[in-house]
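start26.cif follows (mmCIF, C-alpha atoms):
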```
data_work
loop_
_atom_site.group_PDB
_atom_site.id
_atom_site.type_symbol
_atom_site.label_atom_id
_atom_site.label_comp_id
_atom_site.auth_asym_id
_atom_site.auth_seq_id
_atom_site.Cartn_x
_atom_site.Cartn_y
_atom_site.Cartn_z
ATOM 1 C CA MET A 74 137.041 91.278 108.544
ATOM 2 C CA SER A 75 136.846 90.366 112.193
ATOM 3 C CA GLU A 76 133.771 88.760 113.744
ATOM 4 C CA TYR A 77 133.230 91.957 115.731
ATOM 5 C CA THR A 78 133.229 94.076 112.558
ATOM 6 C CA LEU A 79 130.866 91.680 110.781
ATOM 7 C CA GLN A 80 128.490 91.778 113.765
ATOM 8 C CA ALA A 81 128.631 95.581 113.854
ATOM 9 C CA ILE A 82 127.781 95.720 110.136
ATOM 10 C CA ALA A 83 124.861 93.294 110.569
ATOM 11 C CA SER A 84 123.483 95.297 113.500
ATOM 12 C CA LEU A 85 123.840 98.569 111.609
ATOM 13 C CA LYS A 86 121.894 97.058 108.707
ATOM 14 C CA VAL A 87 119.014 96.323 111.073
ATOM 15 C CA CYS A 88 119.179 99.903 112.400
ATOM 16 C CA TRP A 89 119.163 101.176 108.799
ATOM 17 C CA VAL A 90 115.922 99.260 108.188
ATOM 18 C CA GLY A 91 114.509 100.833 111.370
ATOM 19 C CA VAL A 92 114.985 104.305 109.883
ATOM 20 C CA GLY A 93 113.382 102.976 106.694
ATOM 21 C CA SER A 94 110.314 101.924 108.692
ATOM 22 C CA LEU A 95 110.063 105.488 110.016
ATOM 23 C CA LEU A 96 110.038 106.795 106.425
ATOM 24 C CA TYR A 97 107.450 104.189 105.409
ATOM 25 C CA GLY A 98 105.250 105.085 108.374
ATOM 26 C CA ILE A 99 105.504 108.836 107.835
ATOM 27 C CA GLY A 100 104.600 108.187 104.200
ATOM 28 C CA GLY A 101 101.293 106.745 105.389
ATOM 29 C CA THR A 102 100.236 109.830 107.352
ATOM 30 C CA GLU A 103 98.448 113.038 106.479
ATOM 31 C CA ILE A 104 98.978 116.513 107.870
ATOM 32 C CA ASN A 105 96.302 119.146 107.230
ATOM 33 C CA GLY A 106 94.696 116.859 104.665
ATOM 34 C CA LYS A 107 97.911 116.506 102.644
ATOM 35 C CA GLY A 108 99.262 113.023 102.104
ATOM 36 C CA ARG A 109 102.917 112.156 102.356
ATOM 37 C CA LYS A 110 103.020 109.076 100.143
ATOM 38 C CA TRP A 111 105.945 110.624 98.252
ATOM 39 C CA ILE A 112 108.125 109.967 101.316
ATOM 40 C CA ARG A 113 107.230 106.276 101.215
ATOM 41 C CA ARG A 114 107.419 105.963 97.445
ATOM 42 C CA PHE A 115 110.570 107.961 96.720
ATOM 43 C CA ILE A 116 112.584 108.784 99.865
ATOM 44 C CA LEU A 117 112.395 105.247 101.313
ATOM 45 C CA PRO A 118 113.736 103.619 98.102
ATOM 46 C CA LEU A 119 116.555 106.188 97.972
ATOM 47 C CA TRP A 120 117.341 105.462 101.634
ATOM 48 C CA MET A 121 117.468 101.726 100.960
ATOM 49 C CA GLY A 122 119.629 102.327 97.865
ATOM 50 C CA LEU A 123 122.029 104.368 99.974
ATOM 51 C CA GLY A 124 122.160 101.448 102.412
ATOM 52 C CA ILE A 125 122.880 98.985 99.615
ATOM 53 C CA TRP A 126 125.713 101.216 98.414
ATOM 54 C CA THR A 127 127.100 101.958 101.893
ATOM 55 C CA PHE A 128 127.153 98.401 103.203
ATOM 56 C CA GLY A 129 128.092 96.953 99.819
ATOM 57 C CA VAL A 130 131.144 99.211 99.513
ATOM 58 C CA TRP A 131 132.049 98.550 103.151
ATOM 59 C CA THR A 132 131.965 94.767 102.656
ATOM 60 C CA GLY A 133 133.234 94.736 99.061
ATOM 61 C CA SER A 134 130.014 93.248 97.670
ATOM 62 C CA PHE A 135 128.553 96.288 95.875
ATOM 63 C CA THR A 136 127.746 96.131 92.169
ATOM 64 C CA LEU A 137 125.901 98.744 90.130
ATOM 65 C CA ILE A 138 123.161 96.315 89.101
ATOM 66 C CA GLN A 139 122.071 96.172 92.768
ATOM 67 C CA LEU A 140 120.866 99.771 92.526
ATOM 68 C CA LEU A 141 118.053 98.606 90.224
ATOM 69 C CA TYR A 142 116.348 97.780 93.503
ATOM 70 C CA VAL A 143 115.674 101.511 94.015
ATOM 71 C CA PRO A 144 113.322 102.066 91.028
ATOM 72 C CA LEU A 145 111.811 98.588 91.414
ATOM 73 C CA LEU A 146 111.013 99.250 95.075
ATOM 74 C CA SER A 147 109.575 102.644 94.169
ATOM 75 C CA ALA A 148 107.355 101.059 91.516
ATOM 76 C CA SER A 149 106.235 98.382 93.988
ATOM 77 C CA LEU A 150 105.312 101.021 96.551
ATOM 78 C CA HIS A 151 102.971 102.544 93.951
ATOM 79 C CA CYS A 152 100.840 99.375 93.874
ATOM 80 C CA GLY A 153 97.420 100.011 95.365
ATOM 81 C CA TYR A 154 96.300 97.801 98.221
ATOM 82 C CA GLY A 155 93.357 99.584 99.853
ATOM 83 C CA GLY A 156 90.002 101.082 99.078
ATOM 84 C CA THR A 157 87.776 98.059 99.663
ATOM 85 C CA ASN A 158 85.977 96.269 102.471
ATOM 86 C CA ASP A 159 85.825 92.966 100.565
ATOM 87 C CA VAL A 160 88.241 90.661 102.422
ATOM 88 C CA LEU A 161 89.037 88.502 99.377
ATOM 89 C CA VAL A 162 89.841 91.578 97.276
ATOM 90 C CA LYS A 163 92.001 92.925 100.136
ATOM 91 C CA ILE A 164 93.876 89.620 100.336
ATOM 92 C CA ARG A 165 94.471 89.611 96.559
ATOM 93 C CA LYS A 166 95.666 93.236 96.527
ATOM 94 C CA ARG A 167 97.890 92.728 99.554
ATOM 95 C CA PHE A 168 99.305 89.512 98.076
ATOM 96 C CA ILE A 169 100.230 91.325 94.837
ATOM 97 C CA TYR A 170 101.687 94.249 96.807
ATOM 98 C CA GLY A 171 103.827 91.930 98.952
ATOM 99 C CA LEU A 172 104.932 89.901 95.939
ATOM 100 C CA CYS A 173 106.021 93.071 94.129
ATOM 101 C CA LEU A 174 107.966 94.213 97.206
ATOM 102 C CA GLY A 175 109.678 90.829 97.329
ATOM 103 C CA ILE A 176 110.537 90.539 93.647
ATOM 104 C CA SER A 177 111.931 94.077 93.586
ATOM 105 C CA ALA A 178 115.027 92.737 95.403
ATOM 106 C CA LEU A 179 115.892 90.401 92.506
ATOM 107 C CA PRO A 180 118.781 92.620 91.243
ATOM 108 C CA LEU A 181 120.629 91.972 94.495
ATOM 109 C CA LEU A 182 121.176 88.376 93.402
ATOM 110 C CA PHE A 183 123.150 89.266 90.289
ATOM 111 C CA SER A 184 126.647 90.572 89.870
ATOM 112 C CA ASP A 185 128.163 92.782 87.174
ATOM 113 C CA ARG A 186 129.380 89.564 85.531
ATOM 114 C CA PHE A 187 125.752 88.895 84.616
ATOM 115 C CA ILE A 188 125.644 92.084 82.542
ATOM 116 C CA LYS A 189 128.948 91.257 80.819
ATOM 117 C CA TYR A 190 127.723 87.764 80.012
ATOM 118 C CA ALA A 191 124.361 89.039 78.715
ATOM 119 C CA VAL A 192 126.138 91.617 76.503
ATOM 120 C CA ASP A 193 128.461 88.905 75.145
ATOM 121 C CA ILE A 194 125.482 86.720 74.263
ATOM 122 C CA ILE A 195 123.779 89.610 72.459
ATOM 123 C CA LYS A 196 126.976 90.478 70.560
ATOM 124 C CA ASN A 197 127.469 86.858 69.530
ATOM 125 C CA LEU A 198 123.821 86.175 68.743
ATOM 126 C CA PRO A 199 124.377 86.217 64.945
ATOM 127 C CA ASN A 200 127.181 83.644 65.323
ATOM 128 C CA ILE A 201 125.074 81.532 67.648
ATOM 129 C CA LEU A 202 122.150 81.577 65.211
ATOM 130 C CA ASN A 203 124.334 80.877 62.144
ATOM 131 C CA ASP A 204 126.526 78.201 63.692
ATOM 132 C CA GLY A 205 123.833 76.544 65.734
ATOM 133 C CA PHE A 206 123.373 76.550 69.458
ATOM 134 C CA ASP A 207 125.860 74.468 71.414
ATOM 135 C CA HIS A 208 124.587 73.757 74.924
ATOM 136 C CA GLY A 209 128.077 72.769 76.080
ATOM 137 C CA ASP A 210 129.589 76.101 75.032
ATOM 138 C CA PHE A 211 126.694 77.914 76.636
ATOM 139 C CA LEU A 212 127.180 76.143 79.967
ATOM 140 C CA MET A 213 130.952 76.651 79.813
ATOM 141 C CA GLY A 214 130.311 80.339 79.186
ATOM 142 C CA ILE A 215 128.088 80.523 82.232
ATOM 143 C CA ASN A 216 130.756 78.834 84.306
ATOM 144 C CA ALA A 217 133.486 81.070 82.873
ATOM 145 C CA TYR A 218 131.630 84.181 83.994
ATOM 146 C CA HIS A 219 130.723 82.618 87.339
ATOM 147 C CA PHE A 220 127.094 83.296 86.600
ATOM 148 C CA THR A 221 125.957 81.119 89.399
ATOM 149 C CA ILE A 222 123.736 82.422 92.113
ATOM 150 C CA ASN A 223 124.808 81.292 95.536
ATOM 151 C CA SER A 224 122.202 78.744 96.666
ATOM 152 C CA GLY A 225 122.227 80.338 100.134
ATOM 153 C CA MET A 226 121.199 83.629 98.548
ATOM 154 C CA LEU A 227 118.331 81.878 96.755
ATOM 155 C CA VAL A 228 117.086 80.549 100.079
ATOM 156 C CA LEU A 229 117.358 84.020 101.635
ATOM 157 C CA PHE A 230 115.595 85.543 98.600
ATOM 158 C CA ALA A 231 112.735 83.021 98.895
ATOM 159 C CA PHE A 232 112.526 83.824 102.614
ATOM 160 C CA HIS A 233 112.448 87.537 101.733
ATOM 161 C CA ILE A 234 109.518 87.028 99.339
ATOM 162 C CA ALA A 235 107.689 84.947 101.948
ATOM 163 C CA LEU A 236 108.190 87.706 104.546
ATOM 164 C CA CYS A 237 106.941 90.372 102.143
ATOM 165 C CA VAL A 238 103.815 88.473 101.131
ATOM 166 C CA THR A 239 102.864 87.169 104.581
ATOM 167 C CA SER A 240 103.473 90.492 106.344
ATOM 168 C CA SER A 241 101.493 92.380 103.703
ATOM 169 C CA VAL A 242 98.543 89.972 103.828
ATOM 170 C CA LEU A 243 98.415 89.064 107.513
ATOM 171 C CA LEU A 244 99.229 92.495 108.932
ATOM 172 C CA GLY A 245 97.584 94.555 106.193
ATOM 173 C CA VAL A 246 94.301 92.646 105.953
ATOM 174 C CA PHE A 247 93.735 91.423 109.503
ATOM 175 C CA ASN A 248 95.362 94.367 111.362
ATOM 176 C CA PRO A 249 96.470 92.475 114.514
ATOM 177 C CA THR A 250 98.532 95.411 115.835
ATOM 178 C CA LYS A 251 97.156 98.126 118.121
ATOM 179 C CA ASN A 252 97.335 100.893 115.510
ATOM 180 C CA ALA A 253 98.168 101.676 111.881
ATOM 181 C CA ARG A 254 101.587 103.129 112.776
ATOM 182 C CA SER A 255 102.682 99.820 114.319
ATOM 183 C CA GLU A 256 101.226 97.848 111.417
ATOM 184 C CA GLU A 257 102.973 99.911 108.744
ATOM 185 C CA SER A 258 106.296 99.952 110.593
ATOM 186 C CA LEU A 259 106.181 96.187 111.009
ATOM 187 C CA ILE A 260 105.253 95.623 107.347
ATOM 188 C CA CYS A 261 108.196 97.783 106.264
ATOM 189 C CA VAL A 262 110.690 96.094 108.586
ATOM 190 C CA LEU A 263 109.637 92.612 107.502
ATOM 191 C CA SER A 264 109.639 93.615 103.827
ATOM 192 C CA THR A 265 113.097 95.188 103.857
ATOM 193 C CA VAL A 266 115.125 93.545 106.634
ATOM 194 C CA SER A 267 116.598 90.812 104.437
ATOM 195 C CA VAL A 268 117.339 93.142 101.495
ATOM 196 C CA LEU A 269 120.595 94.450 102.952
ATOM 197 C CA PHE A 270 121.672 90.863 103.684
ATOM 198 C CA LEU A 271 121.210 89.740 100.057
ATOM 199 C CA GLN A 272 124.483 91.381 98.984
#
```
Have the structure of the file written as structure tokens, please.
Amino acid sequence: MSEYTLQAIASLKVCWVGVGSLLYGIGGTEINGKGRKWIRRFILPLWMGLGIWTFGVWTGSFTLIQLLYVPLLSASLHCGYGGTNDVLVKIRKRFIYGLCLGISALPLLFSDRFIKYAVDIIKNLPNILNDGFDHGDFLMGINAYHFTINSGMLVLFAFHIALCVTSSVLLGVFNPTKNARSEESLICVLSTVSVLFLQ
């Protein structure tokens, strides 16, 4: 792909996250006393999953295991983080919420080869147990299936977790923005912007 195409894809990923922040924000509002958390908890994860599929297919990096992010993100968005005025409790809840958001992107680090390798280990478990465990064969098997996570991706994943936790705690507890809509949009952007770049 040309540099221009790669830049267009990267910019479109950021725009995709912008629409996600709209869904997250709308999911934090009420109309006529009716909450819209279902938009945040279900539509946003589906939107992000569609982005993973779209950009992954476009760049040739899509694997089915990456779609596990959708239910993991949905589960993370169900974590409670409010309902208290105790700052230490707020910090703890927000830390757990941010950590869950961050860890939910873990499937983006693994390829389909991981599943094949895991299935092979399970199938051969009786042989491994009967014949003894050979660390050399195990490491050769890992190498044969290229079950190595790109170290650059690990750095980006660690950065992603740091963004999720710090944005959840600092923005969610101390509310430095002018209003809740800005706060929630910013939390969503910072918690999802690196996800589409983990492919």
- Item | Residue list as a PyMOL selection string for point (94.3, 90.5, 97.9), cut-off 12 Å, all atoms listed in the file | chain A and resi 152-172+238-239+241-243+245-247
Given the selection you just returned, output its residues as a file containing C-alpha atoms, formatted as a PDB file, in the coordinates of the input.
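The resulting file, part_19.pdb, is shown below:
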```pdb
ATOM      1  CA  CYS A 152     100.840  99.375  93.874  1.00  0.00           C
ATOM      2  CA  GLY A 153      97.420 100.011  95.365  1.00  0.00           C
ATOM      3  CA  TYR A 154      96.300  97.801  98.221  1.00  0.00           C
ATOM      4  CA  GLY A 155      93.357  99.584  99.853  1.00  0.00           C
ATOM      5  CA  GLY A 156      90.002 101.082  99.078  1.00  0.00           C
ATOM      6  CA  THR A 157      87.776  98.059  99.663  1.00  0.00           C
ATOM      7  CA  ASN A 158      85.977  96.269 102.471  1.00  0.00           C
ATOM      8  CA  ASP A 159      85.825  92.966 100.565  1.00  0.00           C
ATOM      9  CA  VAL A 160      88.241  90.661 102.422  1.00  0.00           C
ATOM     10  CA  LEU A 161      89.037  88.502  99.377  1.00  0.00           C
ATOM     11  CA  VAL A 162      89.841  91.578  97.276  1.00  0.00           C
ATOM     12  CA  LYS A 163      92.001  92.925 100.136  1.00  0.00           C
ATOM     13  CA  ILE A 164      93.876  89.620 100.336  1.00  0.00           C
ATOM     14  CA  ARG A 165      94.471  89.611  96.559  1.00  0.00           C
ATOM     15  CA  LYS A 166      95.666  93.236  96.527  1.00  0.00           C
ATOM     16  CA  ARG A 167      97.890  92.728  99.554  1.00  0.00           C
ATOM     17  CA  PHE A 168      99.305  89.512  98.076  1.00  0.00           C
ATOM     18  CA  ILE A 169     100.230  91.325  94.837  1.00  0.00           C
ATOM     19  CA  TYR A 170     101.687  94.249  96.807  1.00  0.00           C
ATOM     20  CA  GLY A 171     103.827  91.930  98.952  1.00  0.00           C
ATOM     21  CA  LEU A 172     104.932  89.901  95.939  1.00  0.00           C
ATOM     22  CA  VAL A 238     103.815  88.473 101.131  1.00  0.00           C
ATOM     23  CA  THR A 239     102.864  87.169 104.581  1.00  0.00           C
ATOM     24  CA  SER A 241     101.493  92.380 103.703  1.00  0.00           C
ATOM     25  CA  VAL A 242      98.543  89.972 103.828  1.00  0.00           C
ATOM     26  CA  LEU A 243      98.415  89.064 107.513  1.00  0.00           C
ATOM     27  CA  GLY A 245      97.584  94.555 106.193  1.00  0.00           C
ATOM     28  CA  VAL A 246      94.301  92.646 105.953  1.00  0.00           C
ATOM     29  CA  PHE A 247      93.735  91.423 109.503  1.00  0.00           C
TER      30      PHE A 247
END
```
- Item | 12 Å contact set for Thr78 in chain A, all atoms listed in the file, chain neighbours under 6 positions out, as a PyMOL selection string | chain A and resi 84-85+128+131-132
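Taking CA of Ile234 in chain A and CA of Gly175 in chain A as the two end points, the separation is 4.3 Å.
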- Please write the residues picked by the PyMOL selection byres ((chain A and resi 178) around 10) on this file as a PyMOL selection string. chain A and resi 139-143+145-146+173-177+179-182+230+233-234+265+267-269+271
- Message: Since I can't run it myself right now, could you work out what the PyMOL selection byres ((chain A and resi 96) around 12) selects here and report it as an MDAnalysis selection string?
- Response: chainID A and resid 89:95 97:102 109:121 254 257:258 261:262
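With CA of Ile82 in chain A on one side and CA of Gln272 in chain A on the other, the separation reads 12.4 Å.
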